[in-house]
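> I'm passing along protein.txt; it holds compact mmCIF, C-alpha atoms and all ligand atoms.
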```txt
# COMPACT_ATOMS: atom_id res chain seq x y z
CA MET A 266 0.00 0.00 0.00
CA ALA A 267 1.15 3.54 -0.76
CA SER A 268 2.17 5.80 2.08
CA LEU A 269 -0.36 8.49 2.95
CA LEU A 270 1.06 10.14 6.04
CA GLU A 271 4.63 10.15 7.28
CA ILE A 272 5.33 11.88 10.58
CA ASP A 273 9.10 12.20 10.88
CA ARG A 274 10.78 13.22 14.15
CA LEU A 275 7.99 15.59 15.09
CA SER A 276 8.61 17.67 18.19
CA VAL A 277 6.12 20.15 19.59
CA ARG A 278 7.02 22.58 22.37
CA PHE A 279 4.91 25.03 24.31
CA GLY A 280 7.60 27.21 25.81
CA ALA A 281 9.79 24.95 27.91
CA ALA A 282 7.31 22.08 27.94
CA GLU A 283 7.85 19.44 25.26
CA ALA A 284 4.47 17.88 24.44
CA VAL A 285 5.71 15.65 21.60
CA ARG A 286 9.28 14.40 21.46
CA SER A 287 10.78 13.32 18.15
CA LEU A 288 7.78 11.24 17.16
CA SER A 289 7.81 9.20 13.96
CA LEU A 290 4.70 7.45 12.71
CA HIS A 291 3.46 6.38 9.32
CA LEU A 292 0.11 5.54 7.86
CA ASP A 293 -0.61 3.80 4.58
CA GLU A 294 -3.65 4.47 2.44
CA GLY A 295 -6.70 2.77 3.88
CA GLU A 296 -4.90 1.77 7.05
CA VAL A 297 -5.99 2.38 10.64
CA LEU A 298 -3.31 3.31 13.15
CA GLY A 299 -4.37 3.41 16.77
CA LEU A 300 -2.64 5.92 19.03
CA VAL A 301 -3.01 5.12 22.70
CA GLY A 302 -1.67 6.59 25.91
CA GLU A 303 -2.80 8.10 29.18
CA SER A 304 -4.04 11.68 29.35
CA GLY A 305 -1.33 14.25 28.63
CA SER A 306 0.85 11.94 26.54
CA GLY A 307 0.71 14.17 23.44
CA LYS A 308 -1.94 12.39 21.35
CA SER A 309 -4.14 15.43 20.67
CA VAL A 310 -1.14 17.66 20.07
CA THR A 311 0.06 15.17 17.44
CA ALA A 312 -3.38 15.18 15.79
CA LEU A 313 -3.57 18.97 15.82
CA ALA A 314 -0.07 19.19 14.35
CA VAL A 315 -1.21 17.05 11.40
CA MET A 316 -4.27 19.25 10.92
CA GLN A 317 -2.15 22.39 11.44
CA LEU A 318 -4.52 23.59 14.15
CA LEU A 319 -1.99 24.00 16.95
CA GLY A 320 -2.00 27.76 17.19
CA PRO A 321 0.91 30.20 17.41
CA ALA A 322 2.14 29.18 20.90
CA ALA A 323 3.37 25.83 19.58
CA GLN A 324 6.90 25.48 18.21
CA THR A 325 7.24 22.52 15.89
CA GLU A 326 10.20 20.65 14.45
CA GLY A 327 10.47 17.72 12.07
CA SER A 328 8.19 17.02 9.13
CA ILE A 329 4.73 15.66 8.37
CA ARG A 330 4.57 14.42 4.81
CA PHE A 331 1.11 13.92 3.37
CA THR A 332 0.46 12.51 -0.08
CA SER A 333 -2.17 14.85 -1.42
CA GLN A 334 -4.33 13.70 -4.29
CA ASN A 335 -4.44 17.22 -5.71
CA ALA A 336 -1.07 18.65 -4.70
CA GLY A 337 1.16 15.55 -4.52
CA PRO A 338 3.50 15.00 -1.56
CA VAL A 339 3.61 17.99 0.79
CA ASP A 340 5.15 18.75 4.17
CA LEU A 341 2.22 19.95 6.24
CA LEU A 342 4.55 21.80 8.64
CA GLN A 343 5.87 23.89 5.74
CA LEU A 344 2.59 24.35 3.89
CA ARG A 345 1.13 27.85 3.71
CA ALA A 346 -2.24 28.66 5.22
CA GLU A 347 -4.23 28.71 1.98
CA PRO A 348 -3.18 25.33 0.51
CA MET A 349 -3.56 23.88 4.02
CA ARG A 350 -7.16 25.10 4.14
CA ARG A 351 -7.80 23.37 0.85
CA LEU A 352 -6.51 20.08 2.27
CA ARG A 353 -8.24 20.35 5.63
CA GLY A 354 -11.81 19.16 5.40
CA ARG A 355 -11.25 17.95 1.87
CA GLU A 356 -8.44 15.39 1.93
CA MET A 357 -8.13 15.12 5.69
CA ALA A 358 -10.76 15.62 8.36
CA MET A 359 -10.98 15.33 12.10
CA ILE A 360 -13.62 14.39 14.65
CA PHE A 361 -13.40 15.13 18.35
CA GLN A 362 -14.64 13.82 21.67
CA GLU A 363 -17.39 16.39 22.13
CA PRO A 364 -19.42 16.99 18.97
CA MET A 365 -21.60 19.64 20.63
CA THR A 366 -18.70 22.09 20.81
CA ALA A 367 -17.94 21.67 17.10
CA LEU A 368 -21.54 21.99 15.92
CA ASN A 369 -23.32 25.31 15.52
CA PRO A 370 -26.31 25.18 17.91
CA VAL A 371 -28.43 27.60 15.87
CA MET A 372 -28.02 26.05 12.42
CA PRO A 373 -29.88 22.99 11.12
CA VAL A 374 -27.48 20.04 10.84
CA GLY A 375 -28.16 19.54 7.13
CA GLU A 376 -27.14 23.15 6.53
CA GLN A 377 -23.89 22.56 8.46
CA ILE A 378 -23.03 19.51 6.37
CA ALA A 379 -23.91 21.50 3.23
CA GLU A 380 -21.55 24.27 4.31
CA ALA A 381 -18.73 21.76 4.73
CA ILE A 382 -19.35 20.61 1.15
CA ARG A 383 -19.71 24.10 -0.35
CA THR A 384 -16.48 25.30 1.29
CA HIS A 385 -14.51 22.85 -0.81
CA GLN A 386 -16.78 22.41 -3.81
CA PRO A 387 -18.29 25.86 -4.41
CA GLU A 388 -19.11 24.97 -8.02
CA LYS A 389 -21.45 22.15 -6.98
CA PRO A 390 -25.08 23.01 -7.86
CA ARG A 391 -27.57 23.35 -4.98
CA SER A 392 -29.42 20.17 -5.84
CA GLN A 393 -26.21 18.14 -5.85
CA VAL A 394 -25.12 19.63 -2.53
CA ARG A 395 -28.45 18.61 -1.03
CA GLU A 396 -28.08 15.15 -2.49
CA ALA A 397 -24.57 14.86 -1.03
CA VAL A 398 -25.86 15.98 2.39
CA LEU A 399 -28.52 13.27 2.43
CA GLU A 400 -26.01 10.73 1.17
CA ALA A 401 -23.57 11.62 3.97
CA MET A 402 -26.37 11.38 6.52
CA SER A 403 -27.41 7.95 5.33
CA ALA A 404 -23.77 6.81 5.13
CA VAL A 405 -23.57 7.37 8.89
CA ALA A 406 -26.95 5.67 9.37
CA LEU A 407 -28.89 8.69 10.60
CA PRO A 408 -32.51 7.66 10.14
CA ASP A 409 -34.83 9.71 7.93
CA PRO A 410 -32.17 12.12 6.59
CA ALA A 411 -34.56 14.24 4.48
CA ARG A 412 -36.57 15.21 7.53
CA ARG A 413 -33.80 15.26 10.14
CA ALA A 414 -31.55 17.51 8.04
CA GLN A 415 -33.77 20.40 9.18
CA ASP A 416 -33.32 19.64 12.88
CA TYR A 417 -30.89 21.41 15.20
CA PRO A 418 -28.02 19.72 17.11
CA HIS A 419 -29.88 19.71 20.46
CA GLN A 420 -32.63 17.59 18.89
CA PHE A 421 -30.21 14.67 18.53
CA SER A 422 -28.74 12.28 21.07
CA GLY A 423 -24.99 12.30 21.86
CA GLY A 424 -24.37 9.32 19.60
CA GLN A 425 -26.38 10.87 16.77
CA ARG A 426 -24.44 14.12 17.12
CA GLN A 427 -21.21 12.20 16.73
CA ARG A 428 -22.73 10.63 13.59
CA ILE A 429 -23.46 14.12 12.28
CA MET A 430 -19.84 15.14 12.92
CA ILE A 431 -18.71 12.04 11.05
CA ALA A 432 -21.10 12.88 8.19
CA MET A 433 -19.53 16.36 7.99
CA ALA A 434 -16.05 14.86 8.12
CA ILE A 435 -16.67 12.39 5.28
CA ALA A 436 -18.89 14.63 3.14
CA ASN A 437 -15.95 15.62 0.90
CA ARG A 438 -14.60 12.05 0.80
CA PRO A 439 -11.29 12.65 2.60
CA ARG A 440 -8.60 9.97 2.51
CA LEU A 441 -7.53 10.55 6.08
CA LEU A 442 -9.77 10.78 9.11
CA ILE A 443 -8.31 11.70 12.47
CA ALA A 444 -10.59 10.55 15.25
CA ASP A 445 -9.53 11.98 18.64
CA GLU A 446 -11.32 10.12 21.44
CA PRO A 447 -14.50 9.98 19.30
CA THR A 448 -16.34 7.65 21.68
CA THR A 449 -15.01 8.73 25.07
CA ALA A 450 -18.10 10.80 25.93
CA LEU A 451 -20.51 8.04 24.90
CA ASP A 452 -21.93 5.14 26.85
CA VAL A 453 -20.66 1.65 26.04
CA THR A 454 -23.49 0.59 23.72
CA VAL A 455 -23.38 3.77 21.65
CA GLN A 456 -19.58 3.64 21.66
CA LYS A 457 -19.71 0.19 20.08
CA GLN A 458 -22.10 1.42 17.37
CA ILE A 459 -19.84 4.36 16.49
CA LEU A 460 -16.80 2.07 16.30
CA GLU A 461 -18.73 -0.24 13.99
CA LEU A 462 -19.74 2.73 11.87
CA LEU A 463 -16.12 3.92 11.55
CA ALA A 464 -15.05 0.41 10.56
CA SER A 465 -17.74 0.26 7.88
CA LEU A 466 -16.86 3.71 6.49
CA ARG A 467 -13.26 2.67 6.30
CA GLU A 468 -14.25 -0.37 4.19
CA ARG A 469 -16.63 1.59 2.03
CA PHE A 470 -14.50 4.64 1.30
CA GLY A 471 -10.99 3.20 1.73
CA LEU A 472 -10.53 5.72 4.53
CA ALA A 473 -7.25 5.76 6.42
CA MET A 474 -7.60 6.62 10.08
CA LEU A 475 -5.50 7.87 12.92
CA PHE A 476 -7.62 6.63 15.79
CA ILE A 477 -6.79 8.15 19.16
CA SER A 478 -7.91 6.94 22.55
CA HIS A 479 -6.63 6.64 26.10
CA ASP A 480 -8.35 3.24 26.12
CA LEU A 481 -6.40 0.36 24.59
CA ALA A 482 -9.51 -1.83 24.49
CA VAL A 483 -11.26 0.73 22.28
CA VAL A 484 -8.21 1.23 20.05
CA SER A 485 -7.88 -2.51 19.55
CA GLN A 486 -11.39 -2.74 18.12
CA VAL A 487 -10.58 -0.66 15.05
CA SER A 488 -6.81 -0.56 14.50
CA ASP A 489 -4.49 -2.54 12.22
CA ARG A 490 -1.45 -1.25 14.07
CA VAL A 491 -1.14 0.33 17.48
CA ALA A 492 1.32 2.98 18.70
CA VAL A 493 1.71 3.52 22.44
CA MET A 494 2.70 7.01 23.60
CA ARG A 495 3.65 8.43 26.95
CA HIS A 496 5.05 11.81 27.97
CA GLY A 497 5.31 12.77 24.31
CA LEU A 498 7.38 9.73 23.38
CA LEU A 499 6.55 6.70 21.28
CA LEU A 500 7.18 3.72 23.57
CA GLU A 501 6.08 0.84 21.38
CA GLU A 502 4.49 0.15 18.03
CA ALA A 503 3.36 -3.10 16.46
CA SER A 504 0.49 -4.74 14.64
CA ARG A 505 -2.54 -5.11 16.84
CA ALA A 506 -2.08 -8.90 17.09
CA THR A 507 1.61 -8.60 18.01
CA LEU A 508 1.03 -5.87 20.56
CA PHE A 509 -1.58 -7.98 22.30
CA SER A 510 0.26 -11.29 22.15
CA ARG A 511 3.85 -10.05 22.68
CA PRO A 512 3.88 -6.60 24.31
CA ALA A 513 7.53 -5.68 24.85
CA HIS A 514 7.42 -2.47 26.88
CA PRO A 515 6.47 -2.61 30.57
CA TYR A 516 4.09 0.31 30.07
CA THR A 517 2.23 -1.52 27.30
CA ARG A 518 2.04 -4.59 29.51
CA ALA A 519 0.61 -2.46 32.29
CA LEU A 520 -1.98 -1.00 29.87
CA LEU A 521 -2.92 -4.51 28.80
CA GLY A 522 -3.20 -5.59 32.41
CA ALA A 523 -5.59 -2.72 32.96
CA ILE A 524 -8.05 -3.96 30.36
CA PRO A 525 -10.90 -5.67 32.17
CA THR A 526 -11.65 -9.05 30.62
CA MET A 527 -14.02 -11.90 31.43
CA GLU A 528 -11.23 -13.39 33.52
CA THR A 529 -10.47 -10.33 35.60
CA ASP A 530 -12.85 -9.25 38.30
CA ILE A 531 -14.03 -5.77 37.36
CA HIS A 532 -14.51 -4.96 41.03
CA GLN A 533 -10.77 -5.31 41.68
CA PRO A 534 -8.72 -2.13 41.31
CA LEU A 535 -7.05 -1.91 37.88
CA ALA A 536 -3.39 -2.82 37.68
CA THR A 537 -1.40 0.24 38.67
CA LEU A 538 0.55 1.62 35.75
CA GLU A 539 4.25 1.35 36.21
CA ARG A 540 5.99 4.69 36.57
CA SER A 541 9.44 4.07 35.21
CA HIS A 542 11.12 7.04 33.60
CA GLU A 543 14.32 5.10 32.93
CA SER A 544 12.82 2.96 30.17
CA GLU A 545 11.47 6.10 28.46
CA ALA A 546 15.02 7.30 27.94
CA LEU A 547 16.00 4.17 26.01
CA PRO A 548 16.17 4.40 22.22
CA LEU A 549 13.57 2.60 20.12
CA ARG A 550 14.77 -0.74 18.85
CA GLU A 551 13.32 -3.34 16.55
CA VAL A 552 12.08 -6.26 18.61
CA GLU A 553 11.03 -8.18 15.51
CA THR A 554 9.96 -7.12 12.01
CA GLY A 555 7.38 -4.35 12.27
CA HIS A 556 7.60 -4.22 16.05
CA ILE A 557 9.59 -1.50 17.82
CA ALA A 558 9.88 -0.63 21.50
CA ARG A 559 12.01 1.35 23.94
CA ILE A 560 13.53 -1.62 25.74
CA SER A 561 17.10 -2.62 26.42
N1 LIG B 601 -2.00 24.93 23.83
C1 LIG B 601 -1.20 24.38 24.75
N2 LIG B 601 -0.40 25.12 25.52
C2 LIG B 601 0.43 24.57 26.43
N3 LIG B 601 0.51 23.25 26.68
C3 LIG B 601 -0.29 22.44 25.96
C4 LIG B 601 -1.19 22.96 24.96
N4 LIG B 601 -1.84 21.91 24.41
C5 LIG B 601 -1.37 20.81 25.03
N5 LIG B 601 -0.45 21.12 25.96
C6 LIG B 601 0.29 20.16 26.81
O1 LIG B 601 0.85 19.16 26.00
C7 LIG B 601 0.80 17.89 26.64
C8 LIG B 601 0.11 16.88 25.76
O2 LIG B 601 -1.26 17.21 25.67
P1 LIG B 601 -2.30 16.43 24.78
O3 LIG B 601 -1.72 16.17 23.44
O4 LIG B 601 -3.58 17.17 24.83
O5 LIG B 601 -2.43 15.05 25.55
P2 LIG B 601 -3.43 13.83 25.28
O6 LIG B 601 -4.28 14.17 24.10
O7 LIG B 601 -2.54 12.65 25.04
O8 LIG B 601 -4.23 13.68 26.54
C9 LIG B 601 0.10 18.13 27.97
O9 LIG B 601 1.07 18.23 28.97
C10 LIG B 601 -0.63 19.42 27.77
O10 LIG B 601 -0.78 20.12 28.97
MG MG B 602 -6.35 14.37 23.97
```
Take the structure I supplied and represent it as structure tokens, if you would.
Ligand SMILES: Nc1ncnc2c1ncn2[C@@H]1O[C@H](COP(=O)(O)OP(=O)(O)O)[C@@H](O)[C@H]1O
Ligand SMILES: [Mg+2]

Amino acid sequence: MASLLEIDRLSVRFGAAEAVRSLSLHLDEGEVLGLVGESGSGKSVTALAVMQLLGPAAQTEGSIRFTSQNAGPVDLLQLRAEPMRRLRGREMAMIFQEPMTALNPVMPVGEQIAEAIRTHQPEKPRSQVREAVLEAMSAVALPDPARRAQDYPHQFSGGQRQRIMIAMAIANRPRLLIADEPTTALDVTVQKQILELLASLRERFGLAMLFISHDLAVVSQVSDRVAVMRHGLLLEEASRATLFSRPAHPYTRALLGAIPTMETDIHQPLATLERSHESEALPLREVETGHIARIS
């Protein structure tokens, strides 16, 4: 598969604080990479760096190569604001934990999806925009799109609002979707439905995904490969199967131990995550083909 996204030694600083430390990750077309780590490990900062939404306080180093369908290979960190705007929302899109903050409360949802389409395809005739809106709404399994397009965000449930955000994100058929904790605010049943939806959209549109969660169990449901981050550093990366069967880093093992299974009693306290800073300082090494970790 062709490479779509290549993050190469990305560092992001906010003043003296280093949120992301020389991070390298790659994503092939149509592939799903899970990014997991406890709160504050630099997952969202990485996502925002790719989308170029970090704001002026952030100092970045390294490169983020994206293979654009329209512009060819580009370094997103070097790209000017205008070409970046053309990519964002068109070739790459992002969904967040809390859809309510990203939706306009006083605009019907169909109108918001239409706006996302018109921004990038201003030449599209009205009737085709409307058609595309309804298509996006049915792609995310929102029932009765023609009628519900006129409703406002507060008239939908939390899970439905996340579906609307996903409809907006895929309306222009991007090749990369960044999903940052997309199910964290949802209850378990709805969470499962959204994960199934993302998996089906990936199949249907050949969508590559950077799927971010603090929850390894959630990440494992959708990812081909999993990258474990902590304190801004990549600690381990492997295929999902390898990471689960042969985790090499103690932190990954601790995360795995913290996943409640049928065998573990959910009333017992979760395994305490090991706090070893020494192993973070180790360089990444190849444990086996396609499996790297910071271990000695
Ligand atoms: N705009 C910002 N200004 C200063 N520090 C920030 C900013 N955004 C994130 N950080 C810091 O960067 C680190 C990584 O944050 P983040 O990427 O949001 O973590 P995660 O998404 O893994 O929970 C945290 O220590 C956070 O406080
Ligand atoms: Mg985050």
> Determine the nearest neighbour of A:Leu300 from the options A:Phe509, A:Tyr516, A:Phe476, A:Phe470, counting all atoms listed in the file.
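Once distances to A:Leu300 are computed over all atoms listed in the file, the minimum belongs to A:Phe476.
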> For a quick check of understanding, using all atoms listed in the file, which of A:Val491, A:Leu460, A:Val310, A:Met433 has the smallest distance to ligand MG 602 (chain B)?
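That would be A:Val310, the residue with the smallest distance to ligand MG 602 (chain B).
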> Could you list, as an MDAnalysis selection string, all protein and nucleic acid residues with an atom at most 10 Å from ligand LIG 601 (chain B), counting all atoms listed in the file?
chainID A and resid 277:285 300:314 319:323 445:446 477:479 494:497
> Work out how far atom CA of A:Ser465 is from atom CA of A:Gly295, in Å to one decimal.
12.0 Å
> If we count only C-alpha atoms and set the cut-off at 12 Å, which residues sit around A:Gln458, ignoring sequence neighbours fewer than 3 positions away in its own chain? Please answer as number ranges by chain.
A: 405-406, 424-425, 427-428, 447-448, 451-455, 461-465, 483, 486-487
> In Å, rounded to a single decimal, give me how far atom CA of A:Asp293 is from atom CA of A:Glu468.
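The value is 14.3 Å.
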> Would you mind listing what lies within 9 Å of stretch 345-349 of chain A as number ranges by chain, with all atoms listed in the file counted and same-chain residues fewer than 5 positions away left out?
A: 316-317, 336
> Taking into account all atoms listed in the file, which residue in the set A:Arg469, A:Arg550, A:Arg511, A:Arg518 is nearest to A:Leu481?
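That would be A:Arg518, the residue with the smallest distance to A:Leu481.
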> Could you tell me how far atom CA of A:Glu294 lies from atom CA of A:Leu500, in Å and to one decimal?
23.8 Å
